[in-house]
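Peer 1: Here you go, one structure.
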Amino acid sequence: MNHCYDALLKRLSQTSSDPRRELALMAEYAVGIPADRFLLLQLTDALPLPSVEQERALCALVDRRVGGEPLQYLLGAADFYGRSFVVRPGVLIPRFDTEILIDTALHYLKQGDEILDLCAGTGCIGLTLGAERQVFVTEVEKFDDVFSLLRENAARICPSARLLQADVLTDHIDGTYDMILSNPPYIPSGEISSLGADVRQEPITALDGGEDGLLFYRILIQRFVRLLKEDGVMLFECGIGQAHSIEQMLLSAGLTNPVRVRDYGGVERVVGARKSREVSHV
Ligand code: GLN
């Protein structure tokens with residue numbers, strides 16, 4: 001491989017577990033060679049030399065990456081469920097784990113369903129569902145800068161989505177829904193400081209779930225169960241070891257037929273329950 005790329009690859013391997021792929025993605029951004037082609041040319045030692053400016057831009061990206069910035073912030077984009085979402089510092093980067101929530105939701109959705117996605121962030125959950133199925137999506141996000149990014153993603157991925165800027169803990173939100181779902185902040189406050197360096201670059205407001213990490217589940221279940229239609233489903237992403245407690249909250253709120261789904265790492269990552277037509281006997 002040519003000398004400049006070689007040196008950058010070495011630098012990147014200090015931080016990245018997949019330096020070749022990351023360099024290819026950065027080269028796509030800074031040099032304009034599509035990442036797949038970059039990897040191929042790399043294999044055959046046929047990469048053209050970048051211009052001085054391109055090399056400078058690429059080096060700057062590698063420096064920031066080695067300095068601990070998440071790749072997706074550098075590229076301004078993150079892949080989620082086969083689509084590219086705009087991301088910037090200040091918004092939680094869509095996670096592969098969250099795709100389990102999408103798969104679970106798709107299992108329940110019917111054409112024409114109304115969906116409420118709380119703590120929307122990039123909008124990756126609701127907008128993906130709106131792009132995958134003919135459903136009506138409402139996205140709720142509180143923070144100004146994140147809300148404008150949500151608007152950008154909605155325009156690209158699900159233009160029909162209704163976007164509400166509101167605080168899910170306190171503001172009134174109207175409507176009734178067949179599905180209410182959320183990936184709220186769920187890290188216990190005391191654990192934030194021990195998160196990996198990458199994660200600590202992300203907004204604390206999207207991570208901090210209060211003392212036991214369950215604050216949002218408690219309040220969202222209490223506030224939003226009444227907006228579920230009959231047979232409607234409430235689904236959450238959750239952190240390690242939280243599914244059981246959240247399931248108990250859903251059942252105490254009168255929902256039935258609980259479901260828990262593991263992610264590819266074996267962690268119970270999704271928890272939900274249904275508002276049943278039948279009267280449940282205690
Ligand atoms: N999945 C994120 C993490 O573990 C947390 C996201 C959240 O709190 N909703 O880094």
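Labels used: A, B, ... for chains in the order of the structure tokens, numbers from 1 for residues in each chain, and numbers from 1 for ligands as shown.
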If you count only C-alpha atoms, which residues fall within 12 Å of stretch 5-16 of chain A, apart from same-chain ones fewer than 6 positions away, as a count of residues only?
Peer 2: 37
Peer 1: May I have all residues of stretch 214-275 of chain A that DSSP, computed from the backbone, assigns to helix (DSSP H, G or I), given as a VMD selection string?
Peer 2: chain A and resid 215 to 227 243 to 252
Peer 1: So that I have them on file, write out the residues from the current selection with N, CA, C and O atoms, as a short mmCIF file (atom, residue, chain, number, x, y, z; two decimals), in the first residue's frame.
Peer 2:
data_model
loop_
_atom_site.label_atom_id
_atom_site.label_comp_id
_atom_site.auth_asym_id
_atom_site.auth_seq_id
_atom_site.Cartn_x
_atom_site.Cartn_y
_atom_site.Cartn_z
N LEU A 215 -35.36 5.46 35.48
CA LEU A 215 -36.23 6.64 35.65
C LEU A 215 -37.20 6.84 34.49
O LEU A 215 -38.40 7.03 34.68
N PHE A 216 -36.66 6.77 33.27
CA PHE A 216 -37.52 7.05 32.10
C PHE A 216 -38.60 5.99 31.93
O PHE A 216 -39.74 6.32 31.60
N TYR A 217 -38.25 4.72 32.17
CA TYR A 217 -39.25 3.66 32.00
C TYR A 217 -40.41 3.89 32.96
O TYR A 217 -41.58 3.79 32.59
N ARG A 218 -40.05 4.22 34.21
CA ARG A 218 -41.07 4.43 35.24
C ARG A 218 -42.04 5.52 34.79
O ARG A 218 -43.25 5.35 34.81
N ILE A 219 -41.47 6.64 34.35
CA ILE A 219 -42.32 7.79 34.03
C ILE A 219 -43.03 7.59 32.69
O ILE A 219 -44.22 7.89 32.56
N LEU A 220 -42.33 7.05 31.70
CA LEU A 220 -42.97 6.87 30.39
C LEU A 220 -44.14 5.88 30.49
O LEU A 220 -45.20 6.10 29.89
N ILE A 221 -43.95 4.80 31.24
CA ILE A 221 -45.04 3.82 31.36
C ILE A 221 -46.22 4.48 32.06
O ILE A 221 -47.36 4.40 31.60
N GLN A 222 -45.93 5.17 33.13
CA GLN A 222 -47.00 5.82 33.89
C GLN A 222 -47.74 6.87 33.04
O GLN A 222 -48.96 6.94 33.06
N ARG A 223 -47.01 7.64 32.25
CA ARG A 223 -47.64 8.73 31.50
C ARG A 223 -48.31 8.28 30.21
O ARG A 223 -49.28 8.88 29.76
N PHE A 224 -47.74 7.23 29.56
CA PHE A 224 -48.17 6.97 28.18
C PHE A 224 -49.02 5.71 27.97
O PHE A 224 -49.56 5.54 26.89
N VAL A 225 -49.17 4.88 29.00
CA VAL A 225 -50.00 3.69 28.82
C VAL A 225 -51.41 4.10 28.38
O VAL A 225 -52.02 3.44 27.53
N ARG A 226 -51.87 5.22 28.91
CA ARG A 226 -53.25 5.63 28.58
C ARG A 226 -53.39 6.03 27.10
O ARG A 226 -54.51 6.12 26.59
N LEU A 227 -52.30 6.27 26.40
CA LEU A 227 -52.40 6.62 24.97
C LEU A 227 -52.36 5.38 24.07
O LEU A 227 -52.42 5.50 22.84
N ALA A 243 -34.41 -5.79 31.98
CA ALA A 243 -35.66 -6.24 31.34
C ALA A 243 -36.69 -6.71 32.37
O ALA A 243 -37.88 -6.38 32.26
N HIS A 244 -36.24 -7.44 33.37
CA HIS A 244 -37.20 -7.99 34.34
C HIS A 244 -37.94 -6.86 35.07
O HIS A 244 -39.17 -6.88 35.17
N SER A 245 -37.20 -5.87 35.56
CA SER A 245 -37.84 -4.77 36.30
C SER A 245 -38.83 -4.01 35.41
O SER A 245 -39.91 -3.62 35.86
N ILE A 246 -38.44 -3.80 34.16
CA ILE A 246 -39.32 -3.04 33.26
C ILE A 246 -40.57 -3.87 32.94
O ILE A 246 -41.69 -3.34 32.89
N GLU A 247 -40.39 -5.15 32.78
CA GLU A 247 -41.54 -6.03 32.54
C GLU A 247 -42.53 -5.93 33.71
O GLU A 247 -43.74 -5.83 33.51
N GLN A 248 -41.99 -5.92 34.93
CA GLN A 248 -42.86 -5.80 36.11
C GLN A 248 -43.62 -4.47 36.08
O GLN A 248 -44.80 -4.41 36.41
N MET A 249 -42.96 -3.41 35.66
CA MET A 249 -43.63 -2.09 35.58
C MET A 249 -44.76 -2.14 34.56
O MET A 249 -45.84 -1.59 34.78
N LEU A 250 -44.49 -2.80 33.41
CA LEU A 250 -45.51 -2.87 32.35
C LEU A 250 -46.72 -3.66 32.85
O LEU A 250 -47.88 -3.28 32.61
N LEU A 251 -46.46 -4.75 33.56
CA LEU A 251 -47.56 -5.58 34.07
C LEU A 251 -48.33 -4.83 35.15
O LEU A 251 -49.57 -4.86 35.18
N SER A 252 -47.62 -4.13 36.01
CA SER A 252 -48.30 -3.36 37.06
C SER A 252 -49.17 -2.26 36.46
O SER A 252 -50.15 -1.83 37.07
#
Peer 1: List all protein, DNA and RNA residues that have an atom no more than 9 Å from any atom of ligand 1, counting only C-alpha atoms and all ligand atoms, and report them as a PyMOL selection string.
Peer 2: chain A and resi 92-95+97-98+182-188+195-196+198-200+202+204-209+213+237-240
Peer 1: I'd like the neighbourhood of stretch 159-174 of chain A as an MDAnalysis selection string, where a residue qualifies if any of its atoms comes within 6 Å (using only C-alpha atoms), though same-chain residues fewer than 3 positions away should be ignored.
Peer 2: chainID A and resid 137:142 154:155
Peer 1: Those residues you just picked out, can you put them in a file as a compact mmCIF listing (two decimals), in the first residue's frame with N, CA, C and O atoms?
Peer 2:
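Below is the file that was written, out26.txt:
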# COMPACT_ATOMS: atom_id res chain seq x y z
N VAL A 137 -46.26 7.78 11.72
CA VAL A 137 -45.21 7.88 12.74
C VAL A 137 -45.22 9.27 13.39
O VAL A 137 -45.27 10.28 12.70
N THR A 138 -45.17 9.29 14.72
CA THR A 138 -44.94 10.54 15.45
C THR A 138 -43.63 10.40 16.23
O THR A 138 -43.44 9.44 16.97
N GLU A 139 -42.75 11.35 16.02
CA GLU A 139 -41.44 11.36 16.68
C GLU A 139 -41.43 12.48 17.72
O GLU A 139 -41.80 13.61 17.40
N VAL A 140 -40.95 12.18 18.93
CA VAL A 140 -40.88 13.21 19.96
C VAL A 140 -39.43 13.38 20.41
O VAL A 140 -38.78 12.41 20.81
N GLU A 141 -38.94 14.61 20.34
CA GLU A 141 -37.56 14.90 20.77
C GLU A 141 -37.57 16.26 21.47
O GLU A 141 -38.24 17.19 21.05
N LYS A 142 -36.74 16.37 22.50
CA LYS A 142 -36.77 17.57 23.34
C LYS A 142 -35.79 18.66 22.90
O LYS A 142 -36.12 19.84 22.87
N ALA A 154 -35.85 12.90 8.96
CA ALA A 154 -37.23 12.62 8.55
C ALA A 154 -37.42 12.97 7.08
O ALA A 154 -38.02 12.20 6.31
N ALA A 155 -36.87 14.11 6.65
CA ALA A 155 -37.04 14.54 5.25
C ALA A 155 -36.45 13.49 4.30
O ALA A 155 -36.98 13.27 3.22
Peer 1: Find the spatial neighbours of A:Met234, counting only C-alpha atoms, within a cut-off of 7 Å - ignore same-chain residues fewer than 3 positions away - and output them as number ranges by chain.
Peer 2: A: 179-181, 272-274
Peer 1: Go through A:Gly266, A:Pro89, A:Gly210, A:Gly126 one by one, measure the shortest atom-to-atom distance of each to A:Leu101 using only C-alpha atoms, and give the residue with the smallest value.
Peer 2: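 Using only C-alpha atoms, the shortest distance to A:Leu101 belongs to A:Gly126.
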Peer 1: Could you check the closest approach to A:Arg21 for each of A:Glu132, A:Asp117, A:Asp36, A:Glu53 and tell me which residue wins, using only C-alpha atoms?
Peer 2: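 Result for the nearest residue to A:Arg21: A:Asp36.
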Peer 1: Report as a compact mmCIF listing (two decimals) with all heavy atoms, in the first residue's frame all protein, DNA and RNA residues lying within 7 Å of A:Arg260, evaluated on only C-alpha atoms, omitting residues in the same chain fewer than 5 positions from it.
Peer 2:
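Saved as around25.txt:
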# COMPACT_ATOMS: atom_id res chain seq x y z
N GLU A 268 -30.77 -9.39 27.21
CA GLU A 268 -32.18 -9.06 27.01
C GLU A 268 -32.27 -7.57 26.72
O GLU A 268 -32.09 -6.74 27.61
CB GLU A 268 -33.00 -9.43 28.24
CG GLU A 268 -33.20 -10.93 28.31
CD GLU A 268 -34.11 -11.35 29.45
OE1 GLU A 268 -34.04 -10.74 30.53
OE2 GLU A 268 -34.88 -12.30 29.23
N VAL A 270 -34.69 -5.95 24.52
CA VAL A 270 -36.01 -5.38 24.23
C VAL A 270 -37.02 -5.98 25.18
O VAL A 270 -37.00 -7.18 25.45
CB VAL A 270 -36.41 -5.68 22.76
CG1 VAL A 270 -37.88 -5.34 22.52
CG2 VAL A 270 -35.52 -4.92 21.80
N VAL A 271 -37.89 -5.12 25.71
CA VAL A 271 -38.94 -5.60 26.59
C VAL A 271 -40.23 -4.87 26.23
O VAL A 271 -40.20 -3.69 25.87
CB VAL A 271 -38.55 -5.40 28.08
CG1 VAL A 271 -38.18 -3.97 28.40
CG2 VAL A 271 -39.63 -5.89 29.02
N GLY A 272 -41.35 -5.58 26.28
CA GLY A 272 -42.60 -4.93 25.92
C GLY A 272 -43.79 -5.70 26.42
O GLY A 272 -43.65 -6.78 27.01
Peer 1: Run DSSP on the backbone of this structure and report the residues of stretch 49-124 of chain A it assigns to strand (DSSP E or B), as a ChimeraX atom specification.
Peer 2: /A:77-80,83-86,114-118
